[in-house]
Structure formats: C-alpha cells, structure tokens
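Notes to accompany the following structure.
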Amino acid sequence: MIPTLTEGQQATLTCTAPGLCSGSVREITWTWRGAGGTESYITGNSTAFKTENLTDVTWRHISTLTFNASPEHHKTNITCKINFTCGKTTEETLTVNVNHKKEITISGVTTVKEGDVLNLTCSVESFPPSVIGWSKFGSDTNLHSYSGSARLVIENVKPEHSGQYICTVTYMNNSLKKDINITVIYNRAAQIIGNTTVKEGDVLNLTCRAESFPPSVIEWSKLGSYTNLHNDTGSATLVVHNVTSEHSGQYICKVKYMINTLKNNITITVIYF
C-alpha cells in the first residue's frame with residue numbers, strides 16, 4: 001500500500017521480491033506511467049538495493065526508491081518490475097496520490113458593458129480538491145462557492161457591480177485569496193440644470209452633467225457661434241456674468257462619450273427693459 005504523499009516532501013517506496021529466493025535477482029526497476037500513457041523511469045531520484053540473508057541458501061531482495069513527491073506524480077502509476085536470473089519476471093503497479101496545490105487562476109473579461117453578462121471563473125488544481133468561494137469587496141455575502149472550480153455569473157450588470165471581486169481558496173487547513181477588478185462601462189443621458197429665464201445684468205448659470213464611465217467630455221456652445229464656451233469632464237458649468245439681451249438663445253451641451261457624441265440643448269431668455 002502506498003500512503004498519500006505530500007508535495008515537496010520525501011517519499012520512500014519499498015519493493016520486495018516475492019518468496020524466499022535462492023540464487024540472485026538480476027535487477028529491480030522502477031517506472032511510472034503518466035496521464036499521457038508514456039512510460040519512463042523516475043528521474044532525479046535515488047534507488048537502493050539490498051539483500052537480506054534469511055538462511056544459508058535463501059535471500060530476500062529489496063529495492064527502495066526515494067524521491068521528492070511533486071504534482072506530476074499525482075494519479076500516476078508506479079511499477080516495480082523484478083527480473084530473475086532464470087528469465088522470469090514479475091511486477092506490481094500501484095497508483096500514487098500526492099497532496100498538492102497549484103496556483104489560483106481567474107479567467108474572464110474584466111471590462112463589461114452595462115446590461116451585459118459578467119462571467120468569471122476561479123479555479124485551482126489541487127488534491128484533495130479545494131473549496132472555492134466568490135465574494136465582493138465591502139460585502140459579507142458569499143456570491144458562489146464550489147469545489148475545485150467556481151463560476152460567478154451576473155446577468156444584466158449595472159454600474160454598482162463594478163469593484164473588486166475576491167476568490168477565496170480553502171485548501172486543507174489553509175486559506176488563500178486572489179482578487180480581480182471589474183469595470184462596468186455605462187453612460188447616462190445628459191442633464192442640464194439652471195434657470196432658463198434671467199434678468200439683464202444677472203448671472204447665467206448652467207450645469208450640464210452626464211454620468212458615465214469612462215467619464216465623458218462635456219462642451220458648452222451657443223447656437224450660431226463656433227466658439228467653445230466651456231468644457232470639462234463629467235460635469236461642465238457655464239457661468240456668464242452681467243448678461244445682456246444678446247445672451248438670449250439656444251445653448252448646446254455636447255457630450256463626447258468614447259466614440260459617440262450626444263447633444264442636449266436649452267433655450268435661455270433674457271428679460272430686459
């Protein structure tokens with residue numbers, strides 16, 4: 001019987017020739033067969049061969065294999081083959097299990113548009129299988145958990161789904177974490193705030209705001225004029241002191257969001273005597 005081995009620790013396997021043999025065993029060889037089916041000798045390890053004298057004419061032949069267990073040995077078949085001088089052979093094959101854990105991997109698109117689907121997968125190759133859970137930074141709610149691999153799917157994402165998502169891996173008595181930042185791209189219609197009627201000599205104060213990510217570039221202009229009155233990012237406030245009748249007219253708020261340009265306008269009336 002081969003006990004469960006542990007990654008990075010030294011393992012010792014012993015193979016004993018069957019029966020009480022007279023004469024000598026020609027050789028005892030160790031091989032292992034990986035998942036691909038290719039048989040090869042275990043390399044980089046040491047083997048020791050010894051013979052125990054049981055009586056004057058009988059011996060027990062023992063081969064000891066010592067190696068450092070690694071994930072590549074997990075679920076492989078290790079074979080001890082014995083060739084006797086008479087030409088007969090015998091062998092035994094056992095499957096090796098190795099406690100191990102590889103790196104945590106997170107796959108999925110980190111930038112999604114509002115209304116689309118957020119699809120993230122956190123996985124880790126390990127034995128025994130790890131328990132994996134998803135959570136969002138700032139929230140105590142466990143979004144999803146599973147063994148070996150955990151998929152987080154959020155339909156119809158909204159801006160509030162932006163933020164840091166944390167994958168927690170519980171492997172045996174240890175807990176490890178890996179995070180990923182998610183950005184939701186969105187834009188809202190431009191809103192214009194301000195009084196549409198002002199008295200001559202007063203102050204015209206208009207604010208155009210467009211909530212979006214990435215932030216929009218906002219420009220103010222007046223119909224019939226090619227002059228850019230004011231521009232800013234996310235929100236732009238147009239202030240005109242000591243207005244006159246010439247300031248009456250249509251003011252245009254132009255919102256540049258990524259490759260799109262949207263417009264909103266407002267008509268201003270200056271009251272004068």
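Each chain in the structure tokens gets a letter, A, B and so on, in the order shown; residues start at 1 in every chain, and ligands are counted from 1 in the order they appear.
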Point to revise | Picked from segment 131-194 of chain A by DSSP as strand (DSSP E or B), as JSON, numbers by chain | key: {"A": [131, 132, 133, 134, 135, 136, 142, 143, 144, 145, 146, 147, 149, 150, 151, 152, 153, 154, 163, 164, 165, 166, 167, 168, 169, 170, 171, 174, 175, 176, 177, 178, 179, 180, 181, 182, 183, 184, 185, 186, 187, 191, 192, 193]}
Exercise for review: Do a neighbour search on segment 106-110 of chain A at 10 Å with only C-alpha atoms, toss out local chain neighbours closer than 5 positions, and write the hits as a ChimeraX atom specification.
Suggested key: /A:117-124,149-152,162,166-167,178-184
Study note, to complete from the structure: One decimal place gives the atom CA of Ser139 of chain A-atom CA of Glu114 of chain A separation as 20.9 Å
Practice item. Do a neighbour search on segment 221-228 of chain A at 7 Å with only C-alpha atoms, toss out local chain neighbours closer than 2 positions, and write the hits as a VMD selection string. Key: chain A and resid 219 230 250 to 253
Okay, now the selection with C-alpha atoms, as a JSON list (two decimals), in the first residue's frame?
```json
[["chain", "number", "residue", "atom", "x", "y", "z"],
["A", 219, "GLU", "CA", -18.60, 71.11, -24.06],
["A", 230, "HIS", "CA", -16.57, 75.92, -21.63],
["A", 250, "GLN", "CA", -30.13, 78.27, -27.58],
["A", 251, "TYR", "CA", -27.21, 76.79, -25.65],
["A", 252, "ILE", "CA", -25.92, 73.37, -26.63],
["A", 253, "CYS", "CA", -24.35, 70.79, -24.34]]
```
Using only C-alpha atoms, determine which residues lie at most 7 Å from segment 170-172 of chain A, disregarding the query and same-chain residues fewer than 3 positions distant; provide the list as a PDB file with N, CA, C and O atoms, in the first residue's frame.
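Final output, result.pdb:
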```pdb
ATOM      1  N   SER A 130      -9.912  21.748  -3.537  1.00  0.00           N
ATOM      2  CA  SER A 130     -10.107  22.927  -2.701  1.00  0.00           C
ATOM      3  C   SER A 130     -11.554  23.396  -2.782  1.00  0.00           C
ATOM      4  O   SER A 130     -12.248  23.178  -3.771  1.00  0.00           O
ATOM      5  N   VAL A 131     -11.991  24.071  -1.730  1.00  0.00           N
ATOM      6  CA  VAL A 131     -13.293  24.737  -1.735  1.00  0.00           C
ATOM      7  C   VAL A 131     -13.064  26.189  -2.132  1.00  0.00           C
ATOM      8  O   VAL A 131     -12.252  26.889  -1.517  1.00  0.00           O
ATOM      9  N   ILE A 132     -13.754  26.633  -3.184  1.00  0.00           N
ATOM     10  CA  ILE A 132     -13.527  27.967  -3.747  1.00  0.00           C
ATOM     11  C   ILE A 132     -14.784  28.801  -3.582  1.00  0.00           C
ATOM     12  O   ILE A 132     -15.895  28.354  -3.892  1.00  0.00           O
ATOM     13  N   SER A 175      -6.046  28.971   3.887  1.00  0.00           N
ATOM     14  CA  SER A 175      -6.944  29.815   3.102  1.00  0.00           C
ATOM     15  C   SER A 175      -6.115  30.827   2.315  1.00  0.00           C
ATOM     16  O   SER A 175      -5.280  31.541   2.884  1.00  0.00           O
ATOM     17  N   LEU A 176      -6.323  30.867   1.000  1.00  0.00           N
ATOM     18  CA  LEU A 176      -5.596  31.775   0.117  1.00  0.00           C
ATOM     19  C   LEU A 176      -6.601  32.595  -0.671  1.00  0.00           C
ATOM     20  O   LEU A 176      -7.728  32.164  -0.926  1.00  0.00           O
TER      21      LEU A 176
END
```
Exercise for review: DSSP on the backbone, then: every residue of segment 80-246 of chain A marked helix (DSSP H, G or I), written as a list in words.
Suggested key: Pro159, Glu160, His161, Ser245 and Glu246 of chain A
**Study point:** Which residue of A:Val243, A:Ile2, A:Leu229, A:Val217 approaches Met258 of chain A most closely, using only C-alpha atoms
**Key:** A:Val217
Exercise for review: Counting only C-alpha atoms, figure out which residue out of A:Glu155, A:Glu27, A:Glu7, A:Glu52 gets nearest to Val96 of chain A.
Suggested key: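 Ranking A:Glu155, A:Glu27, A:Glu7, A:Glu52 by distance to Val96 of chain A, first place goes to A:Glu7.
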Study note, to complete from the structure: Among A:Gly133, A:Gly201, A:Gly148, A:Gly87, Lys177 of chain A is approached most closely, using only C-alpha atoms, by A:Gly133
Can you pull out every residue within 6 Å of His100 of chain A, counting only C-alpha atoms, but drop anything in the same chain fewer than 2 positions away, and send it as a short mmCIF file (atom, residue, chain, number, x, y, z; two decimals) with N, CA and C atoms, in the first residue's frame?
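Final file, result-v1.cif:
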```cif
data_model
loop_
_atom_site.label_atom_id
_atom_site.label_comp_id
_atom_site.auth_asym_id
_atom_site.auth_seq_id
_atom_site.Cartn_x
_atom_site.Cartn_y
_atom_site.Cartn_z
N GLU A 7 3.30 16.97 -1.57
CA GLU A 7 4.17 17.72 -2.46
C GLU A 7 5.35 18.32 -1.70
N PRO A 71 3.53 17.42 -7.93
CA PRO A 71 2.21 17.27 -8.56
C PRO A 71 2.22 16.37 -9.79
N VAL A 98 -0.87 12.38 -4.55
CA VAL A 98 0.02 13.37 -3.93
C VAL A 98 -0.81 14.58 -3.52
N SER A 126 -5.80 20.98 -7.36
CA SER A 126 -5.28 20.55 -6.07
C SER A 126 -5.81 19.16 -5.73
N PHE A 127 -5.14 18.53 -4.79
CA PHE A 127 -5.63 17.28 -4.21
C PHE A 127 -5.30 17.31 -2.73
#
```
**Study point:** Point-to-point distance from atom CA of Thr95 of chain A to atom CA of Ser63 of chain A, Å rounded to tenths
**Key:** 18.1 Å
